[in-house]
$ cat query-v4.pdb   # PDB, C-alpha atoms and all ligand atoms
ATOM      1  CA  MET A 973    -181.983 181.922  28.439
ATOM      2  CA  GLU A 974    -178.597 183.620  27.988
ATOM      3  CA  LYS A 975    -178.095 186.254  30.610
ATOM      4  CA  ILE A 976    -176.629 189.662  29.938
ATOM      5  CA  VAL A 977    -175.525 191.558  33.018
ATOM      6  CA  ILE A 978    -175.262 195.335  32.938
ATOM      7  CA  ALA A 979    -172.708 196.998  35.214
ATOM      8  CA  VAL A 980    -172.264 200.731  34.838
ATOM      9  CA  LYS A 981    -171.559 203.627  37.159
ATOM     10  CA  THR A 982    -174.971 204.044  38.780
ATOM     11  CA  GLN A 983    -178.057 201.939  39.302
ATOM     12  CA  GLU A 984    -180.180 204.518  37.528
ATOM     13  CA  ILE A 985    -178.059 204.472  34.381
ATOM     14  CA  ALA A 986    -177.904 200.671  34.524
ATOM     15  CA  GLU A 987    -181.687 200.529  34.475
ATOM     16  CA  GLN A 988    -181.836 202.791  31.435
ATOM     17  CA  TRP A 989    -179.444 200.504  29.591
ATOM     18  CA  GLN A 990    -181.358 197.450  30.769
ATOM     19  CA  LYS A 991    -184.558 198.763  29.236
ATOM     20  CA  ILE A 992    -182.951 199.432  25.893
ATOM     21  CA  PHE A 993    -181.174 196.085  25.779
ATOM     22  CA  GLN A 994    -184.275 194.215  26.821
ATOM     23  CA  THR A 995    -186.327 195.883  24.088
ATOM     24  CA  LEU A 996    -183.722 195.185  21.432
ATOM     25  CA  ALA A 997    -183.083 191.623  22.608
ATOM     26  CA  PRO A 998    -186.394 190.295  23.918
ATOM     27  CA  ASN A 999    -185.143 186.715  23.789
ATOM     28  CA  ARG A1000    -182.435 187.300  26.327
ATOM     29  CA  GLU A1001    -182.578 187.984  30.010
ATOM     30  CA  VAL A1002    -181.038 191.363  30.786
ATOM     31  CA  VAL A1003    -180.202 191.970  34.436
ATOM     32  CA  VAL A1004    -178.624 194.808  36.355
ATOM     33  CA  TRP A1005    -175.531 193.880  38.380
ATOM     34  CA  ASN A1006    -176.089 193.874  42.101
ATOM     35  CA  LYS A1007    -173.147 193.235  44.357
ATOM     36  CA  ASN A1008    -175.350 191.935  47.144
ATOM     37  CA  GLU A1009    -176.881 189.175  45.110
ATOM     38  CA  ALA A1010    -175.546 185.696  44.481
ATOM     39  CA  PRO A1011    -173.622 185.261  41.207
ATOM     40  CA  MET A1012    -176.004 185.665  38.307
ATOM     41  CA  GLY A1013    -174.268 183.216  36.029
ATOM     42  CA  ALA A1014    -174.284 185.761  33.222
ATOM     43  CA  ARG A1015    -172.762 184.844  29.905
ATOM     44  CA  TYR A1016    -172.153 188.410  28.766
ATOM     45  CA  ALA A1017    -171.303 191.565  30.669
ATOM     46  CA  VAL A1018    -172.063 195.010  29.311
ATOM     47  CA  VAL A1019    -169.984 197.480  31.273
ATOM     48  CA  TRP A1020    -168.772 201.018  31.776
ATOM     49  CA  GLN A1021    -166.250 201.516  34.581
ATOM     50  CA  PRO A1022    -167.560 198.367  36.284
ATOM     51  CA  PRO A1023    -166.859 197.389  39.887
ATOM     52  CA  LEU A1024    -164.022 194.915  40.285
ATOM     53  CA  ALA A1025    -166.304 192.550  42.165
ATOM     54  CA  LEU A1026    -168.188 191.846  38.958
ATOM     55  CA  PHE A1027    -165.354 189.781  37.550
ATOM     56  CA  GLU A1028    -164.653 188.075  40.846
ATOM     57  CA  LYS A1029    -168.235 186.926  41.082
ATOM     58  CA  GLU A1030    -169.391 186.268  37.547
ATOM     59  CA  LYS A1031    -167.259 183.328  36.536
ATOM     60  CA  LYS A1032    -169.261 182.223  33.537
ATOM     61  CA  LEU A1033    -168.634 185.282  31.397
ATOM     62  CA  GLN A1034    -167.785 184.488  27.813
ATOM     63  CA  ALA A1035    -167.426 188.057  26.600
ATOM     64  CA  ILE A1036    -167.348 191.580  27.947
ATOM     65  CA  PHE A1037    -168.674 194.557  26.008
ATOM     66  CA  ASN A1038    -167.377 197.975  26.965
ATOM     67  CA  LEU A1039    -169.965 200.703  26.440
ATOM     68  CA  GLY A1040    -167.443 203.174  25.140
ATOM     69  CA  ALA A1041    -164.402 203.460  22.963
ATOM     70  CA  GLY A1042    -161.883 203.870  25.785
ATOM     71  CA  VAL A1043    -161.184 200.746  27.823
ATOM     72  CA  ASP A1044    -158.656 202.333  30.167
ATOM     73  CA  ALA A1045    -161.005 202.174  33.170
ATOM     74  CA  LEU A1046    -161.555 198.455  32.744
ATOM     75  CA  GLY A1047    -158.397 196.987  34.203
ATOM     76  CA  ILE A1048    -157.302 195.059  31.134
ATOM     77  CA  ASN A1049    -154.422 192.793  32.201
ATOM     78  CA  SER A1050    -155.398 192.975  35.846
ATOM     79  CA  VAL A1051    -159.052 192.867  36.754
ATOM     80  CA  VAL A1052    -160.550 191.395  33.618
ATOM     81  CA  PRO A1053    -159.791 187.677  33.379
ATOM     82  CA  ALA A1054    -157.329 187.198  30.514
ATOM     83  CA  HIS A1055    -159.355 184.432  28.845
ATOM     84  CA  VAL A1056    -162.501 186.534  28.460
ATOM     85  CA  PRO A1057    -162.466 188.626  25.286
ATOM     86  CA  VAL A1058    -163.332 192.301  25.614
ATOM     87  CA  TYR A1059    -164.989 194.236  22.810
ATOM     88  CA  ARG A1060    -165.374 197.965  22.673
ATOM     89  CA  ILE A1061    -167.832 200.267  21.022
ATOM     90  CA  GLU A1062    -166.659 201.350  17.616
ATOM     91  CA  ASP A1063    -167.958 204.751  16.642
ATOM     92  CA  ALA A1064    -171.750 204.197  17.126
ATOM     93  CA  GLY A1065    -172.432 207.829  16.351
ATOM     94  CA  MET A1066    -169.708 209.255  18.569
ATOM     95  CA  ALA A1067    -167.039 209.869  15.934
ATOM     96  CA  VAL A1068    -169.079 212.390  13.980
ATOM     97  CA  GLN A1069    -169.785 214.344  17.158
ATOM     98  CA  MET A1070    -166.094 214.327  17.929
ATOM     99  CA  ALA A1071    -165.205 215.525  14.447
ATOM    100  CA  GLU A1072    -167.609 218.404  15.023
ATOM    101  CA  TYR A1073    -166.019 219.130  18.391
ATOM    102  CA  ALA A1074    -162.605 219.236  16.728
ATOM    103  CA  ILE A1075    -163.908 221.735  14.190
ATOM    104  CA  TYR A1076    -165.261 223.841  17.045
ATOM    105  CA  GLY A1077    -161.792 223.803  18.600
ATOM    106  CA  VAL A1078    -160.133 224.799  15.349
ATOM    107  CA  LEU A1079    -162.592 227.700  14.982
ATOM    108  CA  LEU A1080    -161.729 228.843  18.496
ATOM    109  CA  ALA A1081    -158.040 228.601  17.634
ATOM    110  CA  THR A1082    -158.270 230.632  14.437
ATOM    111  CA  GLU A1083    -160.789 233.082  15.945
ATOM    112  CA  ARG A1084    -162.646 232.861  12.651
ATOM    113  CA  PHE A1085    -165.956 233.800  14.292
ATOM    114  CA  SER A1086    -165.272 234.791  17.901
ATOM    115  CA  THR A1087    -164.069 238.252  16.831
ATOM    116  CA  TYR A1088    -167.492 239.029  15.433
ATOM    117  CA  SER A1089    -169.335 238.696  18.724
ATOM    118  CA  LYS A1090    -166.970 241.304  20.165
ATOM    119  CA  LEU A1091    -167.468 243.522  17.122
ATOM    120  CA  GLN A1092    -171.231 243.142  17.282
ATOM    121  CA  LYS A1093    -171.240 244.512  20.824
ATOM    122  CA  GLN A1094    -169.453 247.581  19.490
ATOM    123  CA  LEU A1095    -171.936 247.893  16.583
ATOM    124  CA  ASP A1096    -168.913 247.531  14.352
ATOM    125  CA  TRP A1097    -169.306 246.169  10.797
ATOM    126  CA  ALA A1098    -165.732 245.074  10.235
ATOM    127  CA  PRO A1099    -164.942 242.145   7.950
ATOM    128  CA  GLN A1100    -161.751 240.412   9.071
ATOM    129  CA  PRO A1101    -159.089 238.971   6.786
ATOM    130  CA  PRO A1102    -159.615 235.315   5.806
ATOM    131  CA  VAL A1103    -158.092 232.502   7.827
ATOM    132  CA  LEU A1104    -155.197 231.116   5.821
ATOM    133  CA  ARG A1105    -155.362 227.335   6.174
ATOM    134  CA  SER A1106    -151.624 227.068   5.583
ATOM    135  CA  GLN A1107    -151.040 228.957   8.832
ATOM    136  CA  TRP A1108    -153.052 226.443  10.840
ATOM    137  CA  PRO A1109    -151.513 223.022  10.301
ATOM    138  CA  ILE A1110    -153.305 220.437  12.413
ATOM    139  CA  GLY A1111    -151.836 217.366  14.058
ATOM    140  CA  VAL A1112    -154.107 214.529  15.142
ATOM    141  CA  MET A1113    -152.777 211.946  17.587
ATOM    142  CA  GLY A1114    -154.545 208.665  16.914
ATOM    143  CA  TYR A1115    -156.186 207.288  13.796
ATOM    144  CA  GLY A1116    -158.740 204.738  14.893
ATOM    145  CA  GLN A1117    -162.486 205.002  14.386
ATOM    146  CA  ILE A1118    -162.502 208.477  15.901
ATOM    147  CA  GLY A1119    -159.164 209.912  14.799
ATOM    148  CA  SER A1120    -159.739 209.005  11.177
ATOM    149  CA  LYS A1121    -163.096 210.765  11.133
ATOM    150  CA  VAL A1122    -161.621 213.846  12.821
ATOM    151  CA  ALA A1123    -158.643 214.001  10.454
ATOM    152  CA  LYS A1124    -160.754 213.486   7.344
ATOM    153  CA  ALA A1125    -163.322 216.106   8.376
ATOM    154  CA  LEU A1126    -160.598 218.691   8.893
ATOM    155  CA  ALA A1127    -158.825 217.687   5.678
ATOM    156  CA  GLN A1128    -162.136 218.297   3.884
ATOM    157  CA  LEU A1129    -162.056 221.828   5.229
ATOM    158  CA  GLY A1130    -158.666 222.303   3.615
ATOM    159  CA  TYR A1131    -156.358 222.328   6.636
ATOM    160  CA  PRO A1132    -152.954 220.680   6.303
ATOM    161  CA  ILE A1133    -153.252 217.491   8.349
ATOM    162  CA  SER A1134    -150.613 215.353   9.992
ATOM    163  CA  VAL A1135    -151.487 212.265  11.946
ATOM    164  CA  TRP A1136    -149.374 210.429  14.479
ATOM    165  CA  VAL A1137    -149.973 206.687  14.706
ATOM    166  CA  ARG A1138    -148.460 203.694  16.417
ATOM    167  CA  SER A1139    -147.407 201.781  13.342
ATOM    168  CA  GLU A1140    -146.358 203.110   9.979
ATOM    169  CA  ARG A1141    -148.970 203.933   7.353
ATOM    170  CA  VAL A1142    -148.830 205.041   3.761
ATOM    171  CA  ASN A1143    -149.605 208.720   3.256
ATOM    172  CA  ASP A1144    -152.956 209.631   1.901
ATOM    173  CA  GLU A1145    -153.576 212.392  -0.617
ATOM    174  CA  HIS A1146    -154.557 214.770   2.196
ATOM    175  CA  ILE A1147    -152.910 213.268   5.269
ATOM    176  CA  GLN A1148    -149.260 212.950   6.202
ATOM    177  CA  PHE A1149    -148.625 210.106   8.645
ATOM    178  CA  TYR A1150    -145.876 209.911  11.247
ATOM    179  CA  SER A1151    -145.227 206.986  13.517
ATOM    180  CA  GLY A1152    -143.210 205.895  16.505
ATOM    181  CA  ARG A1153    -141.091 207.981  18.852
ATOM    182  CA  ALA A1154    -138.890 209.377  16.098
ATOM    183  CA  GLY A1155    -141.896 210.332  14.038
ATOM    184  CA  PHE A1156    -143.436 212.124  17.004
ATOM    185  CA  ASP A1157    -140.936 215.005  16.886
ATOM    186  CA  HIS A1158    -141.453 215.503  13.151
ATOM    187  CA  PHE A1159    -145.186 215.361  13.674
ATOM    188  CA  LEU A1160    -145.078 218.033  16.391
ATOM    189  CA  LYS A1161    -142.942 220.288  14.223
ATOM    190  CA  GLN A1162    -145.727 220.248  11.623
ATOM    191  CA  THR A1163    -148.418 220.952  14.184
ATOM    192  CA  ARG A1164    -149.986 224.177  15.364
ATOM    193  CA  VAL A1165    -153.319 222.764  16.500
ATOM    194  CA  LEU A1166    -152.767 219.523  18.387
ATOM    195  CA  ILE A1167    -155.754 217.197  18.734
ATOM    196  CA  ASN A1168    -155.644 214.213  21.052
ATOM    197  CA  VAL A1169    -157.821 211.179  20.382
ATOM    198  CA  LEU A1170    -155.377 208.506  21.546
ATOM    199  CA  PRO A1171    -156.340 205.561  23.704
ATOM    200  CA  LEU A1172    -154.952 205.829  27.222
ATOM    201  CA  THR A1173    -152.282 203.180  27.743
ATOM    202  CA  GLU A1174    -149.041 202.942  29.706
ATOM    203  CA  GLU A1175    -147.286 204.294  26.603
ATOM    204  CA  THR A1176    -149.511 207.308  26.121
ATOM    205  CA  ARG A1177    -150.068 208.393  29.734
ATOM    206  CA  GLY A1178    -148.612 211.900  30.211
ATOM    207  CA  ILE A1179    -147.677 212.193  26.535
ATOM    208  CA  VAL A1180    -148.824 215.821  26.362
ATOM    209  CA  ASN A1181    -146.102 217.258  28.562
ATOM    210  CA  LYS A1182    -143.623 220.134  28.500
ATOM    211  CA  GLU A1183    -141.384 218.493  25.930
ATOM    212  CA  CYS A1184    -144.279 217.744  23.589
ATOM    213  CA  LEU A1185    -145.819 221.203  23.863
ATOM    214  CA  GLU A1186    -142.460 222.909  23.304
ATOM    215  CA  LYS A1187    -141.935 221.022  20.065
ATOM    216  CA  MET A1188    -145.180 222.261  18.549
ATOM    217  CA  GLN A1189    -145.336 225.380  16.427
ATOM    218  CA  LYS A1190    -145.575 228.636  18.374
ATOM    219  CA  ASP A1191    -148.899 230.222  19.233
ATOM    220  CA  GLY A1192    -150.518 226.812  19.124
ATOM    221  CA  PHE A1193    -153.766 225.367  20.397
ATOM    222  CA  PHE A1194    -154.521 222.069  22.106
ATOM    223  CA  ILE A1195    -157.749 220.054  21.896
ATOM    224  CA  ASN A1196    -158.200 217.077  24.198
ATOM    225  CA  MET A1197    -161.044 214.650  23.543
ATOM    226  CA  ALA A1198    -159.357 211.508  24.827
ATOM    227  CA  ARG A1199    -158.416 211.226  28.497
ATOM    228  CA  GLY A1200    -157.211 213.719  31.088
ATOM    229  CA  ALA A1201    -154.339 211.440  32.045
ATOM    230  CA  HIS A1202    -152.721 211.992  28.657
ATOM    231  CA  VAL A1203    -151.845 215.469  29.884
ATOM    232  CA  VAL A1204    -149.456 216.805  32.497
ATOM    233  CA  ASP A1205    -151.722 219.596  33.714
ATOM    234  CA  ASP A1206    -148.943 221.794  35.120
ATOM    235  CA  ASP A1207    -147.042 221.604  31.840
ATOM    236  CA  LEU A1208    -150.161 222.583  29.923
ATOM    237  CA  LEU A1209    -150.759 225.538  32.241
ATOM    238  CA  SER A1210    -147.135 226.675  31.839
ATOM    239  CA  ALA A1211    -147.410 226.447  28.063
ATOM    240  CA  LEU A1212    -150.575 228.584  28.171
ATOM    241  CA  ARG A1213    -149.095 231.117  30.566
ATOM    242  CA  GLY A1214    -145.775 231.278  28.765
ATOM    243  CA  GLY A1215    -147.500 231.944  25.424
ATOM    244  CA  GLN A1216    -146.377 228.749  23.691
ATOM    245  CA  LEU A1217    -150.084 227.953  23.405
ATOM    246  CA  LYS A1218    -152.738 230.558  22.733
ATOM    247  CA  GLY A1219    -155.501 228.344  24.078
ATOM    248  CA  ALA A1220    -156.910 224.908  24.765
ATOM    249  CA  LEU A1221    -160.251 223.190  24.442
ATOM    250  CA  LEU A1222    -160.511 220.436  27.028
ATOM    251  CA  ASP A1223    -163.244 217.846  27.386
ATOM    252  CA  VAL A1224    -161.539 215.332  29.668
ATOM    253  CA  PHE A1225    -159.658 215.605  32.933
ATOM    254  CA  HIS A1226    -157.646 213.592  35.451
ATOM    255  CA  GLU A1227    -160.557 213.793  37.815
ATOM    256  CA  GLU A1228    -164.140 214.104  36.608
ATOM    257  CA  PRO A1229    -166.147 216.110  37.438
ATOM    258  CA  LEU A1230    -163.255 218.563  37.361
ATOM    259  CA  PRO A1231    -162.794 219.769  40.966
ATOM    260  CA  LYS A1232    -163.981 223.352  41.398
ATOM    261  CA  THR A1233    -160.554 224.324  42.733
ATOM    262  CA  HIS A1234    -158.757 223.201  39.580
ATOM    263  CA  PRO A1235    -156.999 226.130  37.838
ATOM    264  CA  PHE A1236    -158.396 225.126  34.419
ATOM    265  CA  TRP A1237    -161.787 226.541  35.407
ATOM    266  CA  GLN A1238    -160.440 230.080  35.679
ATOM    267  CA  GLU A1239    -157.593 229.982  33.191
ATOM    268  CA  PRO A1240    -157.984 232.593  30.437
ATOM    269  CA  ASN A1241    -158.035 230.900  27.027
ATOM    270  CA  VAL A1242    -159.030 227.507  28.379
ATOM    271  CA  TYR A1243    -162.410 226.424  27.072
ATOM    272  CA  LEU A1244    -163.754 223.451  28.908
ATOM    273  CA  THR A1245    -166.646 221.065  28.479
ATOM    274  CA  PRO A1246    -167.832 218.238  30.771
ATOM    275  CA  HIS A1247    -166.797 215.113  28.789
ATOM    276  CA  ILE A1248    -169.407 215.604  26.080
ATOM    277  CA  ALA A1249    -167.306 215.603  22.898
ATOM    278  CA  GLY A1250    -168.803 212.245  21.924
ATOM    279  CA  ILE A1251    -171.974 211.452  23.821
ATOM    280  CA  SER A1252    -173.026 207.803  23.816
ATOM    281  CA  LEU A1253    -176.142 207.170  21.810
ATOM    282  CA  TYR A1254    -177.661 204.397  23.884
ATOM    283  CA  GLU A1255    -179.631 202.729  21.090
ATOM    284  CA  GLU A1256    -176.738 202.764  18.669
ATOM    285  CA  CYS A1257    -174.396 201.304  21.274
ATOM    286  CA  ALA A1258    -176.850 198.621  22.357
ATOM    287  CA  LYS A1259    -177.528 197.632  18.748
ATOM    288  CA  GLN A1260    -173.822 197.314  18.138
ATOM    289  CA  VAL A1261    -173.295 195.168  21.230
ATOM    290  CA  ILE A1262    -176.152 192.845  20.279
ATOM    291  CA  GLU A1263    -174.794 192.559  16.772
ATOM    292  CA  LYS A1264    -171.345 191.611  18.098
ATOM    293  CA  LEU A1265    -172.819 189.142  20.542
ATOM    294  CA  SER A1266    -174.907 187.464  17.842
ATOM    295  CA  LEU A1267    -171.847 187.147  15.634
ATOM    296  CA  LEU A1268    -169.962 185.496  18.482
ATOM    297  CA  GLU A1269    -172.730 182.993  18.930
ATOM    298  CA  ARG A1270    -172.535 182.134  15.246
ATOM    299  CA  GLY A1271    -168.804 181.538  15.644
ATOM    300  CA  ILE A1272    -167.807 184.714  13.809
ATOM    301  CA  GLU A1273    -165.255 187.021  15.414
ATOM    302  CA  PRO A1274    -166.717 190.543  15.671
ATOM    303  CA  THR A1275    -164.595 193.627  15.154
ATOM    304  CA  GLY A1276    -163.553 195.829  18.056
ATOM    305  CA  ARG A1277    -161.772 193.221  20.156
ATOM    306  CA  VAL A1278    -159.429 194.821  22.653
ATOM    307  CA  SER A1279    -155.836 193.672  22.434
ATOM    308  CA  LEU A1280    -154.251 192.844  25.773
ATOM    309  CA  THR A1281    -150.842 193.929  24.557
ATOM    310  CA  LYS A1282    -151.884 197.177  22.927
ATOM    311  CA  GLN A1283    -154.376 197.872  25.728
ATOM    312  CA  TYR A1284    -156.992 199.267  23.334
TER     313      TYR A1284
HETATM  314  C1  LIG A1301    -165.760 207.914  26.196
HETATM  315  O1  LIG A1301    -165.026 208.614  26.796
HETATM  316  C2  LIG A1301    -165.415 206.668  25.577
HETATM  317  O2  LIG A1301    -164.321 206.158  25.804
HETATM  318  O3  LIG A1301    -166.242 206.148  24.819
END
$ encode --input "query-v4.pdb" --output "structure tokens" --more "lines below"
Ligand code: GLV
Amino acid sequence: MEKIVIAVKTQEIAEQWQKIFQTLAPNREVVVWNKNEAPMGARYAVVWQPPLALFEKEKKLQAIFNLGAGVDALGINSVVPAHVPVYRIEDAGMAVQMAEYAIYGVLLATERFSTYSKLQKQLDWAPQPPVLRSQWPIGVMGYGQIGSKVAKALAQLGYPISVWVRSERVNDEHIQFYSGRAGFDHFLKQTRVLINVLPLTEETRGIVNKECLEKMQKDGFFINMARGAHVVDDDLLSALRGGQLKGALLDVFHEEPLPKTHPFWQEPNVYLTPHIAGISLYEECAKQVIEKLSLLERGIEPTGRVSLTKQY
């Protein structure tokens, strides 16, 4: 029987995944990784931030499935053996949650509703002027499974949308694309609300820094749903304190949980959430992995293969 080994952050979570996988794939043997046991001879590994020892021990792996969209914690090009293909979760119910999170951030930025809770406390019936979409141009960094859903959802709401991508794309009726380094400056110039959904790679690490934030439109807002390491925290704090940014909604951090001493906790106008912008739906993810794995066995290449050069 083909073995699937599950290696995630804790034993408890691994067992939850094991149950779901075993129910969905009763004809396969689903085991939880245990570093103290002899190699399990697993054919497939299902992982989230797995221990390095997994790849040193399990030499029979034919494919690795990452239980998330971001593969930055995997050690592509170092830990993962180059000959074993890695597949990542594509959407599986996370993109729509992230689009919703982006909308929440935009509403915080425009203060469309937050004013009313203050007014309610004062028993004040005081309709505010409408939010003019043209004053809130949005820039989305990244246009994969998640970025495209985010950009399209916001375009539907009538905001001007720019998107920054790695390689050139033809503009859409509602979306203006920019690409490459040169395109980045033009993109930032068009952007008042900056939304990050990029993969974390050597190229994108620290991309949200002083220079980037200064090039955005004034009185801007930053939404981070990707990885903390995309951001230079001190530069973000300076931009907030200097008034270049009016606020930020942050879901991801260099260190998670965010240490209690980190200034973001107390910073006025920083709204933070504990990495919940797109929560994994276990069933959806497991179904997708099993589907990919069955395709592989039928000799069909599934989508979502991680490129070693692009690192996502
Ligand atoms: C979550 O952060 C993911 O990469 O799926």
$ resolve_selection --input "query-v4.pdb" --expression "the PyMOL selection byres (((chain A and resi 1139) around 8) and not hetatm)" --output "JSON, numbers by chain"
{"A": [1137, 1138, 1140, 1141, 1151, 1152]}
$ closest_atom_pairs --input "query-v4.pdb" --of "chain A" --to "ligand LIG 1301 (chain A)" --cutoff "8 Å" --atoms "all atoms listed in the file" --output "tab-separated table"
residue	atom	partner	partner_atom	distance
A:Leu1039	CA	A:LIG1301	O3	6.8
A:Gly1040	CA	A:LIG1301	O3	3.2
A:Ala1041	CA	A:LIG1301	O3	3.7
A:Gly1042	CA	A:LIG1301	O2	3.3
A:Val1043	CA	A:LIG1301	O2	6.6
A:Ile1061	CA	A:LIG1301	O3	7.2
A:Met1066	CA	A:LIG1301	O3	7.8
A:Met1197	CA	A:LIG1301	O1	7.9
A:Ala1198	CA	A:LIG1301	O1	6.7
A:Arg1199	CA	A:LIG1301	O1	7.3
A:His1247	CA	A:LIG1301	O1	7.0
A:Gly1250	CA	A:LIG1301	C1	6.8
A:Ile1251	CA	A:LIG1301	C1	7.5
A:Ser1252	CA	A:LIG1301	O3	7.1
$ atom_distance --input "query-v4.pdb" --atom1 "CA of Glu1269 (chain A)" --atom2 "CA of Leu996 (chain A)"
16.6 Å
$ resolve_selection --input "query-v4.pdb" --expression "the PyMOL selection byres (((chain A and resi 1234-1244) around 10) and not hetatm)" --output "number ranges by chain"
A: 1077, 1080-1081, 1193-1196, 1205-1206, 1208-1209, 1212-1213, 1217-1225, 1227, 1230-1233, 1245-1247
$ atom_distance --input "query-v4.pdb" --atom1 "CA of Ala1258 (chain A)" --atom2 "CA of Ile976 (chain A)"
11.7 Å
$ resolve_selection --input "query-v4.pdb" --expression "the PyMOL selection byres (((chain A and resi 1175) around 12) and not hetatm)" --output "list of chain:residue names"
A:Arg1138, A:Gly1152, A:Arg1153, A:Leu1170, A:Pro1171, A:Leu1172, A:Thr1173, A:Glu1174, A:Thr1176, A:Arg1177, A:Gly1178, A:Ile1179, A:Val1180, A:Ala1201, A:His1202, A:Thr1281, A:Lys1282, A:Gln1283, A:Tyr1284
$ closest_residue --input "query-v4.pdb" --among "A:Ser1120, A:His1226, A:Phe1156, A:Ile1110" --to "Asp1144 (chain A)" --atoms "only C-alpha atoms"
A:Ser1120
$ atom_distance --input "query-v4.pdb" --atom1 "CA of Pro1053 (chain A)" --atom2 "CA of Val1278 (chain A)"
12.9 Å
$ residues_near_point --input "query-v4.pdb" --point "(-156.0, 212.0, 5.7)" --cutoff "9 Å" --atoms "all atoms listed in the file" --output "number ranges by chain"
A: 1120, 1123-1128, 1133-1135, 1143-1149
$ residues_around --input "query-v4.pdb" --residues "Ile1036 (chain A)" --least-positions-apart "4" --cutoff "8 Å" --atoms "only C-alpha atoms" --output "PyMOL selection string"
chain A and resi 1016-1019+1056-1059
$ write_last_selection --input "query-v4.pdb" --atoms "C-alpha atoms" --output "PDB file, in the frame of the given file"
ATOM      1  CA  TYR A1016    -172.153 188.410  28.766  1.00  0.00           C
ATOM      2  CA  ALA A1017    -171.303 191.565  30.669  1.00  0.00           C
ATOM      3  CA  VAL A1018    -172.063 195.010  29.311  1.00  0.00           C
ATOM      4  CA  VAL A1019    -169.984 197.480  31.273  1.00  0.00           C
ATOM      5  CA  VAL A1056    -162.501 186.534  28.460  1.00  0.00           C
ATOM      6  CA  PRO A1057    -162.466 188.626  25.286  1.00  0.00           C
ATOM      7  CA  VAL A1058    -163.332 192.301  25.614  1.00  0.00           C
ATOM      8  CA  TYR A1059    -164.989 194.236  22.810  1.00  0.00           C
TER       9      TYR A1059
END
$ residues_around --input "query-v4.pdb" --residues "Ala1014 (chain A)" --least-positions-apart "4" --cutoff "9 Å" --atoms "only C-alpha atoms" --output "list in words"
Glu974, Lys975, Ile976, Val977, Val1003, Glu1030, Lys1031, Lys1032, Leu1033 and Gln1034 of chain A
$ closest_residue --input "query-v4.pdb" --among "A:Lys1093, A:Ile985, A:Leu1166, A:Phe993" --to "Glu1256 (chain A)" --atoms "all atoms listed in the file"
A:Phe993
$ closest_residue --input "query-v4.pdb" --among "A:Met973, A:Met1113, A:Leu1185, A:Leu1280" --to "Gly1215 (chain A)" --atoms "all atoms listed in the file"
A:Leu1185
$ residues_around --input "query-v4.pdb" --residues "Trp1097 (chain A)" --least-positions-apart "5" --cutoff "9 Å" --atoms "all atoms listed in the file" --output "ChimeraX atom specification"
/A:1088,1091-1092
$ write_last_selection --input "query-v4.pdb" --atoms "C-alpha atoms" --output "mmCIF file, keeping the file's coordinate frame"
data_model
loop_
_atom_site.group_PDB
_atom_site.id
_atom_site.type_symbol
_atom_site.label_atom_id
_atom_site.label_comp_id
_atom_site.auth_asym_id
_atom_site.auth_seq_id
_atom_site.Cartn_x
_atom_site.Cartn_y
_atom_site.Cartn_z
ATOM 1 C CA TYR A 1088 -167.492 239.029 15.433
ATOM 2 C CA LEU A 1091 -167.468 243.522 17.122
ATOM 3 C CA GLN A 1092 -171.231 243.142 17.282
#
$ closest_residue --input "query-v4.pdb" --among "A:Gly1214, A:Gly1200, A:Pro1022, A:Gly1065" --to "Cys1257 (chain A)" --atoms "only C-alpha atoms"
A:Gly1065
